[in-house]
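Q: Next up, model06.cif (mmCIF, N, CA, C and O atoms).
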```cif
data_my_file
#
loop_
_atom_site.label_atom_id
_atom_site.label_comp_id
_atom_site.auth_asym_id
_atom_site.auth_seq_id
_atom_site.Cartn_x
_atom_site.Cartn_y
_atom_site.Cartn_z
N MET A 1 28.01 -175.83 -52.47
CA MET A 1 28.22 -174.42 -52.73
C MET A 1 27.31 -173.99 -53.86
O MET A 1 27.14 -174.72 -54.84
N ARG A 2 26.74 -172.82 -53.74
CA ARG A 2 25.95 -172.26 -54.85
C ARG A 2 26.90 -171.65 -55.85
O ARG A 2 27.97 -171.17 -55.50
N SER A 3 26.53 -171.65 -57.10
CA SER A 3 27.39 -171.15 -58.16
C SER A 3 26.57 -170.42 -59.20
O SER A 3 25.48 -170.85 -59.56
N VAL A 4 27.11 -169.30 -59.72
CA VAL A 4 26.44 -168.58 -60.80
C VAL A 4 26.71 -169.27 -62.14
O VAL A 4 26.04 -168.99 -63.12
N ASN A 5 27.68 -170.17 -62.18
CA ASN A 5 28.05 -170.86 -63.42
C ASN A 5 27.37 -172.22 -63.58
O ASN A 5 27.53 -172.85 -64.61
N SER A 6 26.65 -172.68 -62.59
CA SER A 6 25.98 -173.98 -62.63
C SER A 6 24.54 -173.81 -62.14
O SER A 6 24.25 -172.88 -61.40
N PRO A 7 23.64 -174.74 -62.53
CA PRO A 7 22.24 -174.65 -62.11
C PRO A 7 22.06 -175.09 -60.66
O PRO A 7 21.56 -176.17 -60.37
N THR A 8 22.51 -174.26 -59.74
CA THR A 8 22.44 -174.59 -58.33
C THR A 8 21.23 -173.93 -57.68
O THR A 8 20.74 -172.91 -58.15
N SER A 9 20.78 -174.55 -56.60
CA SER A 9 19.68 -173.98 -55.83
C SER A 9 19.69 -174.59 -54.44
O SER A 9 20.26 -175.65 -54.22
N ALA A 10 19.06 -173.89 -53.52
CA ALA A 10 18.90 -174.42 -52.16
C ALA A 10 17.59 -173.88 -51.62
O ALA A 10 17.27 -172.71 -51.78
N LYS A 11 16.80 -174.77 -51.01
CA LYS A 11 15.52 -174.38 -50.41
C LYS A 11 15.46 -174.90 -48.99
O LYS A 11 15.80 -176.05 -48.72
N VAL A 12 15.01 -174.04 -48.09
CA VAL A 12 14.79 -174.43 -46.70
C VAL A 12 13.40 -173.91 -46.31
O VAL A 12 13.12 -172.72 -46.46
N LYS A 13 12.56 -174.80 -45.84
CA LYS A 13 11.20 -174.43 -45.41
C LYS A 13 11.07 -174.80 -43.93
O LYS A 13 11.36 -175.93 -43.54
N VAL A 14 10.64 -173.85 -43.12
CA VAL A 14 10.42 -174.11 -41.70
C VAL A 14 9.05 -174.74 -41.55
O VAL A 14 8.03 -174.15 -41.90
N LEU A 15 9.02 -175.97 -41.03
CA LEU A 15 7.74 -176.67 -40.84
C LEU A 15 7.17 -176.43 -39.45
O LEU A 15 5.96 -176.29 -39.29
N SER A 16 8.06 -176.39 -38.44
CA SER A 16 7.57 -176.11 -37.09
C SER A 16 8.72 -175.69 -36.19
O SER A 16 9.86 -176.08 -36.40
N VAL A 17 8.37 -174.88 -35.19
CA VAL A 17 9.31 -174.46 -34.15
C VAL A 17 8.59 -174.60 -32.82
O VAL A 17 7.54 -173.97 -32.62
N ASP A 18 9.12 -175.42 -31.94
CA ASP A 18 8.53 -175.67 -30.63
C ASP A 18 9.55 -175.27 -29.57
O ASP A 18 10.42 -176.06 -29.22
N LYS A 19 9.45 -174.03 -29.09
CA LYS A 19 10.41 -173.54 -28.12
C LYS A 19 10.34 -174.29 -26.80
O LYS A 19 11.36 -174.52 -26.15
N GLN A 20 9.14 -174.68 -26.39
CA GLN A 20 8.98 -175.38 -25.12
C GLN A 20 9.73 -176.71 -25.12
O GLN A 20 10.40 -177.06 -24.15
N ASN A 21 9.65 -177.45 -26.21
CA ASN A 21 10.33 -178.75 -26.30
C ASN A 21 11.69 -178.65 -27.00
O ASN A 21 12.32 -179.67 -27.26
N GLN A 22 12.10 -177.43 -27.32
CA GLN A 22 13.39 -177.17 -27.97
C GLN A 22 13.58 -178.03 -29.21
O GLN A 22 14.54 -178.77 -29.36
N LYS A 23 12.63 -177.90 -30.15
CA LYS A 23 12.67 -178.71 -31.35
C LYS A 23 12.16 -177.91 -32.55
O LYS A 23 11.16 -177.21 -32.46
N ALA A 24 12.88 -177.99 -33.66
CA ALA A 24 12.45 -177.37 -34.91
C ALA A 24 12.55 -178.40 -36.02
O ALA A 24 13.45 -179.25 -36.02
N VAL A 25 11.61 -178.31 -36.97
CA VAL A 25 11.61 -179.22 -38.11
C VAL A 25 11.66 -178.39 -39.38
O VAL A 25 10.88 -177.45 -39.55
N PHE A 26 12.61 -178.73 -40.26
CA PHE A 26 12.80 -178.04 -41.52
C PHE A 26 12.69 -179.04 -42.66
O PHE A 26 12.95 -180.22 -42.49
N GLU A 27 12.33 -178.53 -43.84
CA GLU A 27 12.36 -179.32 -45.06
C GLU A 27 13.42 -178.68 -45.94
O GLU A 27 13.37 -177.47 -46.19
N VAL A 28 14.39 -179.46 -46.39
CA VAL A 28 15.47 -178.91 -47.21
C VAL A 28 15.59 -179.70 -48.50
O VAL A 28 15.27 -180.89 -48.56
N GLU A 29 16.06 -179.02 -49.55
CA GLU A 29 16.36 -179.66 -50.82
C GLU A 29 17.27 -178.74 -51.62
O GLU A 29 17.36 -177.55 -51.34
N GLY A 30 17.97 -179.30 -52.57
CA GLY A 30 18.82 -178.44 -53.38
C GLY A 30 19.68 -179.17 -54.38
O GLY A 30 19.77 -180.40 -54.41
N ASN A 31 20.32 -178.38 -55.22
CA ASN A 31 21.36 -178.81 -56.15
C ASN A 31 22.57 -177.95 -55.82
O ASN A 31 22.55 -176.73 -56.04
N LEU A 32 23.60 -178.57 -55.32
CA LEU A 32 24.78 -177.82 -54.87
C LEU A 32 26.02 -178.32 -55.59
O LEU A 32 26.13 -179.49 -55.96
N LEU A 33 26.98 -177.43 -55.76
CA LEU A 33 28.20 -177.73 -56.47
C LEU A 33 29.29 -178.15 -55.50
O LEU A 33 29.57 -177.46 -54.52
N ASN A 34 29.89 -179.31 -55.76
CA ASN A 34 31.05 -179.76 -54.99
C ASN A 34 32.27 -179.06 -55.61
O ASN A 34 32.65 -179.35 -56.75
N ILE A 35 32.88 -178.15 -54.87
CA ILE A 35 33.98 -177.36 -55.43
C ILE A 35 35.25 -178.19 -55.62
O ILE A 35 36.14 -177.79 -56.37
N ASN A 36 35.34 -179.33 -54.97
CA ASN A 36 36.52 -180.19 -55.14
C ASN A 36 36.47 -180.99 -56.44
O ASN A 36 37.51 -181.24 -57.06
N THR A 37 35.26 -181.39 -56.86
CA THR A 37 35.13 -182.23 -58.07
C THR A 37 34.40 -181.51 -59.20
O THR A 37 34.31 -182.04 -60.30
N ASN A 38 33.87 -180.32 -58.94
CA ASN A 38 33.08 -179.55 -59.91
C ASN A 38 31.83 -180.32 -60.34
O ASN A 38 31.32 -180.16 -61.45
N GLU A 39 31.33 -181.17 -59.45
CA GLU A 39 30.18 -182.02 -59.73
C GLU A 39 28.95 -181.47 -59.00
O GLU A 39 29.04 -181.05 -57.86
N LEU A 40 27.79 -181.52 -59.69
CA LEU A 40 26.54 -181.12 -59.05
C LEU A 40 26.01 -182.27 -58.21
O LEU A 40 25.97 -183.41 -58.67
N ASN A 41 25.62 -181.99 -56.99
CA ASN A 41 25.04 -183.00 -56.10
C ASN A 41 23.62 -182.59 -55.78
O ASN A 41 23.36 -181.46 -55.36
N LYS A 42 22.69 -183.52 -55.98
CA LYS A 42 21.28 -183.25 -55.71
C LYS A 42 20.92 -183.76 -54.32
O LYS A 42 21.22 -184.90 -53.98
N LEU A 43 20.30 -182.92 -53.55
CA LEU A 43 19.75 -183.30 -52.25
C LEU A 43 18.24 -183.33 -52.41
O LEU A 43 17.61 -182.28 -52.60
N ASP A 44 17.66 -184.53 -52.38
CA ASP A 44 16.20 -184.65 -52.48
C ASP A 44 15.55 -184.06 -51.23
O ASP A 44 16.18 -183.93 -50.18
N ARG A 45 14.29 -183.73 -51.35
CA ARG A 45 13.54 -183.14 -50.24
C ARG A 45 13.67 -184.04 -49.01
O ARG A 45 13.34 -185.22 -49.05
N THR A 46 14.17 -183.45 -47.93
CA THR A 46 14.45 -184.19 -46.71
C THR A 46 14.02 -183.37 -45.50
O THR A 46 14.19 -182.16 -45.48
N LYS A 47 13.46 -184.06 -44.50
CA LYS A 47 13.13 -183.38 -43.24
C LYS A 47 14.34 -183.42 -42.33
O LYS A 47 15.00 -184.46 -42.20
N VAL A 48 14.63 -182.28 -41.72
CA VAL A 48 15.74 -182.17 -40.77
C VAL A 48 15.15 -181.73 -39.44
O VAL A 48 14.42 -180.74 -39.37
N ILE A 49 15.47 -182.48 -38.38
CA ILE A 49 15.00 -182.15 -37.04
C ILE A 49 16.18 -181.64 -36.22
O ILE A 49 17.22 -182.29 -36.16
N VAL A 50 16.00 -180.46 -35.64
CA VAL A 50 17.04 -179.86 -34.80
C VAL A 50 16.46 -179.75 -33.40
O VAL A 50 15.39 -179.17 -33.21
N LYS A 51 17.15 -180.33 -32.40
CA LYS A 51 16.62 -180.28 -31.04
C LYS A 51 17.75 -180.17 -30.03
O LYS A 51 18.91 -180.41 -30.35
N GLY A 52 17.36 -179.81 -28.81
CA GLY A 52 18.33 -179.69 -27.73
C GLY A 52 19.28 -178.53 -27.92
O GLY A 52 18.86 -177.44 -28.34
N GLU A 53 20.54 -178.73 -27.64
CA GLU A 53 21.56 -177.67 -27.71
C GLU A 53 21.64 -177.00 -29.09
O GLU A 53 21.68 -175.78 -29.18
N PRO A 54 21.65 -177.77 -30.20
CA PRO A 54 21.66 -177.10 -31.51
C PRO A 54 20.45 -176.20 -31.73
O PRO A 54 20.55 -175.15 -32.37
N PHE A 55 19.29 -176.58 -31.21
CA PHE A 55 18.09 -175.74 -31.32
C PHE A 55 18.31 -174.41 -30.63
O PHE A 55 17.96 -173.36 -31.15
N LEU A 56 18.91 -174.45 -29.45
CA LEU A 56 19.14 -173.21 -28.70
C LEU A 56 20.07 -172.26 -29.44
O LEU A 56 19.96 -171.05 -29.28
N GLU A 57 20.96 -172.78 -30.25
CA GLU A 57 21.85 -171.93 -31.05
C GLU A 57 21.09 -171.27 -32.21
O GLU A 57 21.54 -170.24 -32.71
N LEU A 58 19.98 -171.84 -32.63
CA LEU A 58 19.18 -171.27 -33.70
C LEU A 58 18.35 -170.07 -33.26
O LEU A 58 18.12 -169.15 -34.02
N VAL A 59 17.84 -170.13 -32.03
CA VAL A 59 16.91 -169.09 -31.57
C VAL A 59 17.56 -168.01 -30.78
O VAL A 59 18.64 -167.98 -30.42
#
```
How would this structure read if it were set down as structure tokens?
A:
Amino acid sequence: MRSVNSPTSAKVKVLSVDKQNQKAVFEVEGNLLNINTNELNKLDRTKVIVKGEPFLELV
């Protein structure tokens, strides 16, 4: 969760979208707040591939 009280951030970069093959590639990273523990969790830069049925829900 993003918070105005903590140094949170979230970044999503679209690297590619291939409608013919129903595949998208994103780069994500962030610092998000766990609301259950009030702890900051860091997500290092990671590639996320979305394909098939989930891809169709994006477009």
Q: Taking only N, CA, C and O atoms into account, name the residue in A:Leu40, A:Val28, A:Ile35, A:Ile49 that is nearest to A:Pro7.
A: A:Leu40
Q: Calculated over only C-alpha atoms, which of the candidates A:Leu33, A:Val17, A:Ala24, A:Val48 has the smallest distance to A:Asn5?
A: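 For A:Asn5, the nearest of the candidates is A:Leu33.
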Q: Please return as a list in words: the residues of chain A that backbone DSSP assigns to helix (DSSP H, G or I).
A: Glu53, Pro54, Phe55, Leu56, Glu57 and Leu58 of chain A
Q: Report as JSON, numbers by chain the residues that result from applying the PyMOL selection byres ((chain A and resi 43) around 4.5) to the structure here.
A: {"A": [29, 30, 41, 42, 44, 45]}
Q: As a PyMOL selection string, please: every residue in chain A that DSSP puts in strand (DSSP E or B).
A: chain A and resi 9-18+23-34+39-51
Q: For atom C of A:Val14 and atom O of A:Glu27, quote the distance in Å rounded to one decimal.
A: 6.9 Å
Q: Between atom CA of A:Thr46 and atom CA of A:Thr8, what distance in Å does the model show, to one decimal?
A: 17.1 Å
Q: Closest to A:Lys51 among A:Val4, A:Val25, A:Leu15, A:Ala10, using all atoms listed in the file?
A: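 Distance minimum relative to A:Lys51 lands on A:Val25.
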Q: Kindly give the distance, in Å, that separates atom N of A:Leu56 and atom O of A:Gln20, rounded to a single decimal.
A: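 Rounded to one decimal, the two atoms are 10.4 Å apart.
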Q: Considering only C-alpha atoms, state which residue in the set A:Glu57, A:Ser6, A:Thr37, A:Gly52 is at the smallest distance from A:Gln22.
A: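 So, comparing all the options, the nearest one is A:Gly52.
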Q: Using all atoms listed in the file, which residue out of A:Lys11, A:Ser16, A:Leu32, A:Lys23 lies closest to A:Phe55?
A: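 Going through A:Lys11, A:Ser16, A:Leu32, A:Lys23 one by one, the smallest distance to A:Phe55 is for A:Lys23.
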